[in-house]
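Q: Below are the structure tokens for one structure; questions will follow.
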Amino acid sequence: MHLRNPSRSAGSWHYLLRIARPIELSAVSLLATGTIAAAQTTSLQARPPEDARPGPNLLPDLPDTEMTQAPISWEAGLAVVPHYIARGLIYSAATSAQPYGSVTVAMRELSTGDIADPHLTLGGWASMQAAEPGMDQRNSGSMKGWYEQDLYASIGATILRDWSIAANYYSYLSPARSFDGYSEAQIAVRFDDRRFWANVKLREFTLSPSLLVAREVGRPARPDATYIEPAIAPSFTLGGEDRTLRLAFPIALGLSDNFFDGTDGGKHTFGFARAGILLSGVPFPQQLDWLTLDAGVDQWMPNRAVDHGLRDKETVFHIGLRAH
């Protein structure tokens with residue numbers, strides 16, 4: 001949600017990074033990590049902007065793995081995208097590398113009969129490119145090319161068996177001074193519907209409906225906006241016990257009160273529709289079971305009346321590695 005061209009009026013926008021992030025979407029991985037094992041609860045730990053990393057942000061952390069059950073766990077990864085798109089807007093036209101990392105601390109002492117897997121997550125996500133971001137944006141900071149650096153904190157838990165909820169707080173910074181910093185508060189909710197599909201022949205099938213509600217805090221150059229993203233991510237597992245792949249088809253809508261500026265100078269509630277295909281798995285389960293490869297493609301379908309900087313339809317491929 002940064003201005004695409006800070007020198008222009010507030011009617012022209014640039015990057016966001018977020019709800020997409022937490023619930024989690026766009027440059028890289030799926031949530032299926034390592035050799036997948038069944039679990040009873042679904043974790044909803046914060047992740048970088050979902051738009052930036054479509055996979056992790058739109059898919060639930062299921063099936064759960066040993067990583068989410070450990071007292072302290074970590075995750076780190078690197079994704080590469082041809083250009084940086086988030087929440088239906090383009091923020092950098094240059095090929096971008098997007099590293100990220102997080103540490104999650106289980107707070108088991110807070111567990112009750114109705115609350116499971118309470119946890120605290122601290123993390124960071126960045127977007128960098130060798131060239132200037134384009135679209136007349138600045139690149140004048142002490143660290144040129146370091147377009148964005150996000151820091152976030154999240155508290156989450158599973159409630160009443162099937163509902164995962166997380167409260168997230170993000171700080172968006174630009175070491176390259178391409179945009180002025182601001183913050184965002186989010187609530188992310190996901191429903192674990194796996195038990196309703198027990199008779200479906202597809203292994204570990206889920207629709208994984210989710211909702212992200214984000215509110216900007218101190219956004220420069222315009223009133224703070226509320227962003228809402230309903231999504232589903234039909235997914236299932238392929239392969240045998242020793243080598244598994246997770247295939248998903250995430251679908252999301254972007255809605256807001258003030259975020260989407262119209263080409264006519266007004267505001268639009270509907271910003272975009274987005275659909276994708278995501279594939280995630282462990283390429284070397286015997287030698288490197290801690291390394292996950294993620295790849296996919298996203299089809300962005302923006303509202304033509306919005307000043308989004310995209311073509312009528314934008315196809316973006318992404319690939320990345322993730323370690324935990």
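Just so we're on the same page: first chain in the structure tokens is A, next is B, and so on; residues restart at 1 for each chain, and ligands are numbered from 1 in the order they show up.
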Env of Leu310 in chain A: 8 Å cut, atoms = only C-alpha atoms, seq-sep filter 5 positions within chain, self excluded. Answer as a list in words.
A: Leu89, Ile90 and Pro302 of chain A
Q: Pick from A:Ala76, A:Ala221, A:Ala86, A:Ala231: nearest to Arg190 in chain A, with only C-alpha atoms counted?
A: A:Ala231
Q: I'd like to know which residues of range 23-266 of chain A are strand (DSSP E or B) (by DSSP, run on the backbone); could you write them as a PyMOL selection string?
A: chain A and resi 26+43+53+61+72-81+84-86+89-92+96-106+115-128+146-159+163-173+182-191+203-206+210-217+226-232+235-239+244-248+251-262
Q: Between CA of Thr226 in chain A and CA of Tyr182 in chain A, what distance in Å does the model show, to one decimal?
A: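 Calculated distance between CA of Thr226 in chain A and CA of Tyr182 in chain A is 13.9 Å.
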Q: Any chance you could list, as a PyMOL selection string, the residues in range 28-263 of chain A that come up helix (DSSP H, G or I) when DSSP is run on the backbone?
A: chain A and resi 54-58+66-69+108-110+194-197
Q: Keeping only N, CA and C atoms, write those residues as a PDB file, in the first residue's frame.
A:
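result_3.pdb was written with the following content:
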ATOM      1  N   PRO A  54       1.766 -15.614  -2.594  1.00  0.00           N
ATOM      2  CA  PRO A  54       0.434 -16.171  -2.741  1.00  0.00           C
ATOM      3  C   PRO A  54       0.258 -17.474  -2.021  1.00  0.00           C
ATOM      4  N   GLY A  55       1.238 -18.331  -2.100  1.00  0.00           N
ATOM      5  CA  GLY A  55       1.103 -19.640  -1.512  1.00  0.00           C
ATOM      6  C   GLY A  55       0.867 -19.605  -0.040  1.00  0.00           C
ATOM      7  N   PRO A  56       1.838 -19.217   0.757  1.00  0.00           N
ATOM      8  CA  PRO A  56       1.735 -19.272   2.200  1.00  0.00           C
ATOM      9  C   PRO A  56       0.629 -18.418   2.738  1.00  0.00           C
ATOM     10  N   ASN A  57       0.309 -17.388   2.035  1.00  0.00           N
ATOM     11  CA  ASN A  57      -0.670 -16.488   2.612  1.00  0.00           C
ATOM     12  C   ASN A  57      -2.099 -16.937   2.407  1.00  0.00           C
ATOM     13  N   LEU A  58      -2.330 -17.722   1.394  1.00  0.00           N
ATOM     14  CA  LEU A  58      -3.698 -18.138   1.127  1.00  0.00           C
ATOM     15  C   LEU A  58      -3.983 -19.552   1.606  1.00  0.00           C
ATOM     16  N   GLU A  66       5.623 -31.163  12.600  1.00  0.00           N
ATOM     17  CA  GLU A  66       6.350 -31.077  13.861  1.00  0.00           C
ATOM     18  C   GLU A  66       6.761 -29.644  14.151  1.00  0.00           C
ATOM     19  N   MET A  67       7.000 -28.877  13.080  1.00  0.00           N
ATOM     20  CA  MET A  67       7.472 -27.507  13.243  1.00  0.00           C
ATOM     21  C   MET A  67       6.495 -26.680  14.069  1.00  0.00           C
ATOM     22  N   THR A  68       5.185 -26.839  13.827  1.00  0.00           N
ATOM     23  CA  THR A  68       4.208 -26.007  14.521  1.00  0.00           C
ATOM     24  C   THR A  68       3.980 -26.485  15.955  1.00  0.00           C
ATOM     25  N   GLN A  69       4.460 -27.681  16.304  1.00  0.00           N
ATOM     26  CA  GLN A  69       4.221 -28.223  17.624  1.00  0.00           C
ATOM     27  C   GLN A  69       5.424 -28.056  18.549  1.00  0.00           C
ATOM     28  N   ARG A 108       1.998 -22.857  25.354  1.00  0.00           N
ATOM     29  CA  ARG A 108       1.115 -23.946  25.747  1.00  0.00           C
ATOM     30  C   ARG A 108       0.415 -23.691  27.079  1.00  0.00           C
ATOM     31  N   GLU A 109       1.011 -22.855  27.916  1.00  0.00           N
ATOM     32  CA  GLU A 109       0.384 -22.571  29.210  1.00  0.00           C
ATOM     33  C   GLU A 109      -0.950 -21.844  29.045  1.00  0.00           C
ATOM     34  N   LEU A 110      -1.206 -21.277  27.858  1.00  0.00           N
ATOM     35  CA  LEU A 110      -2.458 -20.570  27.611  1.00  0.00           C
ATOM     36  C   LEU A 110      -3.526 -21.480  27.022  1.00  0.00           C
ATOM     37  N   ARG A 194     -11.612 -29.689   6.863  1.00  0.00           N
ATOM     38  CA  ARG A 194     -11.195 -31.018   6.422  1.00  0.00           C
ATOM     39  C   ARG A 194     -12.165 -32.130   6.813  1.00  0.00           C
ATOM     40  N   ARG A 195     -12.753 -32.041   8.010  1.00  0.00           N
ATOM     41  CA  ARG A 195     -13.613 -33.124   8.469  1.00  0.00           C
ATOM     42  C   ARG A 195     -14.892 -33.260   7.654  1.00  0.00           C
ATOM     43  N   PHE A 196     -15.267 -32.204   6.924  1.00  0.00           N
ATOM     44  CA  PHE A 196     -16.466 -32.274   6.094  1.00  0.00           C
ATOM     45  C   PHE A 196     -16.219 -32.999   4.775  1.00  0.00           C
ATOM     46  N   TRP A 197     -14.944 -33.271   4.482  1.00  0.00           N
ATOM     47  CA  TRP A 197     -14.595 -33.899   3.202  1.00  0.00           C
ATOM     48  C   TRP A 197     -13.963 -35.273   3.426  1.00  0.00           C
TER      49      TRP A 197
END
Q: Set the distance at 7 Å and use only C-alpha atoms: which residues neighbour range 116-120 of chain A once local chain neighbours fewer than 6 positions away are removed? I'd like the list as a PyMOL selection string.
A: chain A and resi 43+104-108+110+154-159
Q: Excluding range 249-263 of chain A and its own-chain neighbours fewer than 5 positions away, which residues fall within 7 Å of it when counting only C-alpha atoms? Please give them as a ChimeraX atom specification.
A: /A:11-12,58,87,225-235,268-278,305-307
Q: Can you list, as a list in words, every protein, DNA or RNA residue that comes within 8 Å of Ala93 in chain A when you count only C-alpha atoms, leaving out same-chain residues fewer than 6 positions away?
A: Pro82, His83, Tyr84, Pro133, Gly134 and Met135 of chain A
Q: Can you write just those residues out, all heavy atoms, as a PDB file, in the first residue's frame?
A:
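What follows is the written file out.pdb:
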ATOM      1  N   PRO A  82       8.948 -12.108 -11.183  1.00  0.00           N
ATOM      2  CA  PRO A  82       9.322 -11.202 -12.285  1.00  0.00           C
ATOM      3  C   PRO A  82       9.002  -9.751 -11.996  1.00  0.00           C
ATOM      4  O   PRO A  82       9.679  -8.845 -12.483  1.00  0.00           O
ATOM      5  CB  PRO A  82       8.518 -11.734 -13.472  1.00  0.00           C
ATOM      6  CG  PRO A  82       7.375 -12.474 -12.845  1.00  0.00           C
ATOM      7  CD  PRO A  82       7.914 -13.062 -11.580  1.00  0.00           C
ATOM      8  N   HIS A  83       7.952  -9.490 -11.216  1.00  0.00           N
ATOM      9  CA  HIS A  83       7.658  -8.157 -10.713  1.00  0.00           C
ATOM     10  C   HIS A  83       6.797  -8.299  -9.474  1.00  0.00           C
ATOM     11  O   HIS A  83       6.173  -9.326  -9.242  1.00  0.00           O
ATOM     12  CB  HIS A  83       7.001  -7.243 -11.760  1.00  0.00           C
ATOM     13  CG  HIS A  83       5.990  -7.915 -12.620  1.00  0.00           C
ATOM     14  ND1 HIS A  83       6.290  -8.448 -13.843  1.00  0.00           N
ATOM     15  CD2 HIS A  83       4.685  -8.148 -12.435  1.00  0.00           C
ATOM     16  CE1 HIS A  83       5.206  -8.979 -14.379  1.00  0.00           C
ATOM     17  NE2 HIS A  83       4.217  -8.815 -13.552  1.00  0.00           N
ATOM     18  N   TYR A  84       6.784  -7.269  -8.683  1.00  0.00           N
ATOM     19  CA  TYR A  84       6.174  -7.310  -7.362  1.00  0.00           C
ATOM     20  C   TYR A  84       4.748  -6.762  -7.417  1.00  0.00           C
ATOM     21  O   TYR A  84       4.538  -5.575  -7.646  1.00  0.00           O
ATOM     22  CB  TYR A  84       7.063  -6.495  -6.428  1.00  0.00           C
ATOM     23  CG  TYR A  84       6.550  -6.333  -5.023  1.00  0.00           C
ATOM     24  CD1 TYR A  84       5.579  -7.150  -4.483  1.00  0.00           C
ATOM     25  CD2 TYR A  84       7.088  -5.337  -4.212  1.00  0.00           C
ATOM     26  CE1 TYR A  84       5.132  -6.984  -3.187  1.00  0.00           C
ATOM     27  CE2 TYR A  84       6.662  -5.165  -2.911  1.00  0.00           C
ATOM     28  CZ  TYR A  84       5.678  -5.995  -2.410  1.00  0.00           C
ATOM     29  OH  TYR A  84       5.240  -5.820  -1.122  1.00  0.00           O
ATOM     30  N   PRO A 133      12.960   0.418  -9.016  1.00  0.00           N
ATOM     31  CA  PRO A 133      11.648  -0.234  -9.034  1.00  0.00           C
ATOM     32  C   PRO A 133      10.784   0.162 -10.224  1.00  0.00           C
ATOM     33  O   PRO A 133       9.866  -0.567 -10.588  1.00  0.00           O
ATOM     34  CB  PRO A 133      11.016   0.221  -7.720  1.00  0.00           C
ATOM     35  CG  PRO A 133      11.725   1.487  -7.371  1.00  0.00           C
ATOM     36  CD  PRO A 133      13.131   1.303  -7.858  1.00  0.00           C
ATOM     37  N   GLY A 134      11.062   1.292 -10.842  1.00  0.00           N
ATOM     38  CA  GLY A 134      10.252   1.742 -11.968  1.00  0.00           C
ATOM     39  C   GLY A 134       9.079   2.574 -11.526  1.00  0.00           C
ATOM     40  O   GLY A 134       8.912   2.891 -10.347  1.00  0.00           O
ATOM     41  N   MET A 135       8.249   2.994 -12.479  1.00  0.00           N
ATOM     42  CA  MET A 135       7.038   3.764 -12.210  1.00  0.00           C
ATOM     43  C   MET A 135       7.339   5.063 -11.481  1.00  0.00           C
ATOM     44  O   MET A 135       6.585   5.507 -10.609  1.00  0.00           O
ATOM     45  CB  MET A 135       6.026   2.910 -11.434  1.00  0.00           C
ATOM     46  CG  MET A 135       5.562   1.701 -12.220  1.00  0.00           C
ATOM     47  SD  MET A 135       4.534   0.581 -11.258  1.00  0.00           S
ATOM     48  CE  MET A 135       5.741  -0.095 -10.117  1.00  0.00           C
TER      49      MET A 135
END
Q: Using Å and a single decimal, report how far CA of Gln98 in chain A sits from CA of Arg215 in chain A.
A: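 Straight-line distance from CA of Arg215 in chain A to CA of Gln98 in chain A works out to 23.5 Å.
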Q: Ranking A:Val316, A:Leu238, A:Ile187, A:Ala248 by minimum distance to Thr206 in chain A and counting only C-alpha atoms, which one comes first?
A: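 When distances to Thr206 in chain A are compared using only C-alpha atoms, the smallest one comes from A:Ala248.
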Q: Name the closest residue to Gly141 in chain A among the candidates A:Gly320, A:Pro175, A:Gly113, A:Gly123; distances are taken between atoms, counting only C-alpha atoms.
A: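 Between A:Gly320, A:Pro175, A:Gly113, A:Gly123, the residue approaching Gly141 in chain A most closely is A:Pro175.
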Q: Smallest atom-to-atom distance to Asp180 in chain A: which of A:Tyr147, A:Phe236, A:Trp125, A:Trp290, using only C-alpha atoms?
A: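 Residue with the minimum atom-to-atom distance to Asp180 in chain A: A:Tyr147.
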Q: Can you list, as a tab-separated table (two decimals) with N, CA, C and O atoms, in the first residue's frame, every protein, DNA or RNA residue that comes within 10 Å of Ser140 in chain A when you count only C-alpha atoms, leaving out same-chain residues fewer than 2 positions away?
A:
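Ended up saving to around-v8.tsv:
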chain	number	residue	atom	x	y	z
A	132	GLU	N	16.21	-0.13	-10.49
A	132	GLU	CA	15.25	0.74	-9.83
A	132	GLU	C	13.86	0.13	-9.96
A	132	GLU	O	13.58	-0.61	-10.90
A	137	GLN	N	9.32	5.85	-9.15
A	137	GLN	CA	9.50	5.81	-7.70
A	137	GLN	C	10.94	6.17	-7.33
A	137	GLN	O	11.86	6.02	-8.12
A	138	ARG	N	11.07	6.59	-6.09
A	138	ARG	CA	12.39	6.93	-5.58
A	138	ARG	C	13.25	5.68	-5.37
A	138	ARG	O	12.73	4.58	-5.21
A	142	SER	N	19.94	4.93	1.62
A	142	SER	CA	21.30	4.46	1.82
A	142	SER	C	21.49	3.04	1.32
A	142	SER	O	22.62	2.58	1.10
A	143	MET	N	20.39	2.30	1.11
A	143	MET	CA	20.44	0.93	0.61
A	143	MET	C	19.59	0.82	-0.65
A	143	MET	O	18.47	0.32	-0.63
A	144	LYS	N	20.11	1.30	-1.75
A	144	LYS	CA	19.37	1.31	-3.02
A	144	LYS	C	19.03	-0.12	-3.45
A	144	LYS	O	19.83	-1.02	-3.30
A	145	GLY	N	17.85	-0.27	-4.00
A	145	GLY	CA	17.40	-1.57	-4.43
A	145	GLY	C	16.66	-2.35	-3.36
A	145	GLY	O	15.94	-3.30	-3.66
A	175	PRO	N	14.11	0.81	2.99
A	175	PRO	CA	15.50	1.26	3.09
A	175	PRO	C	15.94	2.07	1.87
A	175	PRO	O	16.83	2.91	1.98
A	176	ALA	N	15.31	1.84	0.71
A	176	ALA	CA	15.64	2.60	-0.50
A	176	ALA	C	14.85	3.91	-0.59
A	176	ALA	O	14.99	4.64	-1.56
A	177	ARG	N	14.01	4.16	0.41
A	177	ARG	CA	13.17	5.37	0.47
A	177	ARG	C	12.24	5.47	-0.74
A	177	ARG	O	11.91	6.56	-1.19
A	178	SER	N	11.79	4.31	-1.22
A	178	SER	CA	10.84	4.32	-2.34
A	178	SER	C	9.45	4.73	-1.88
A	178	SER	O	8.63	5.18	-2.67
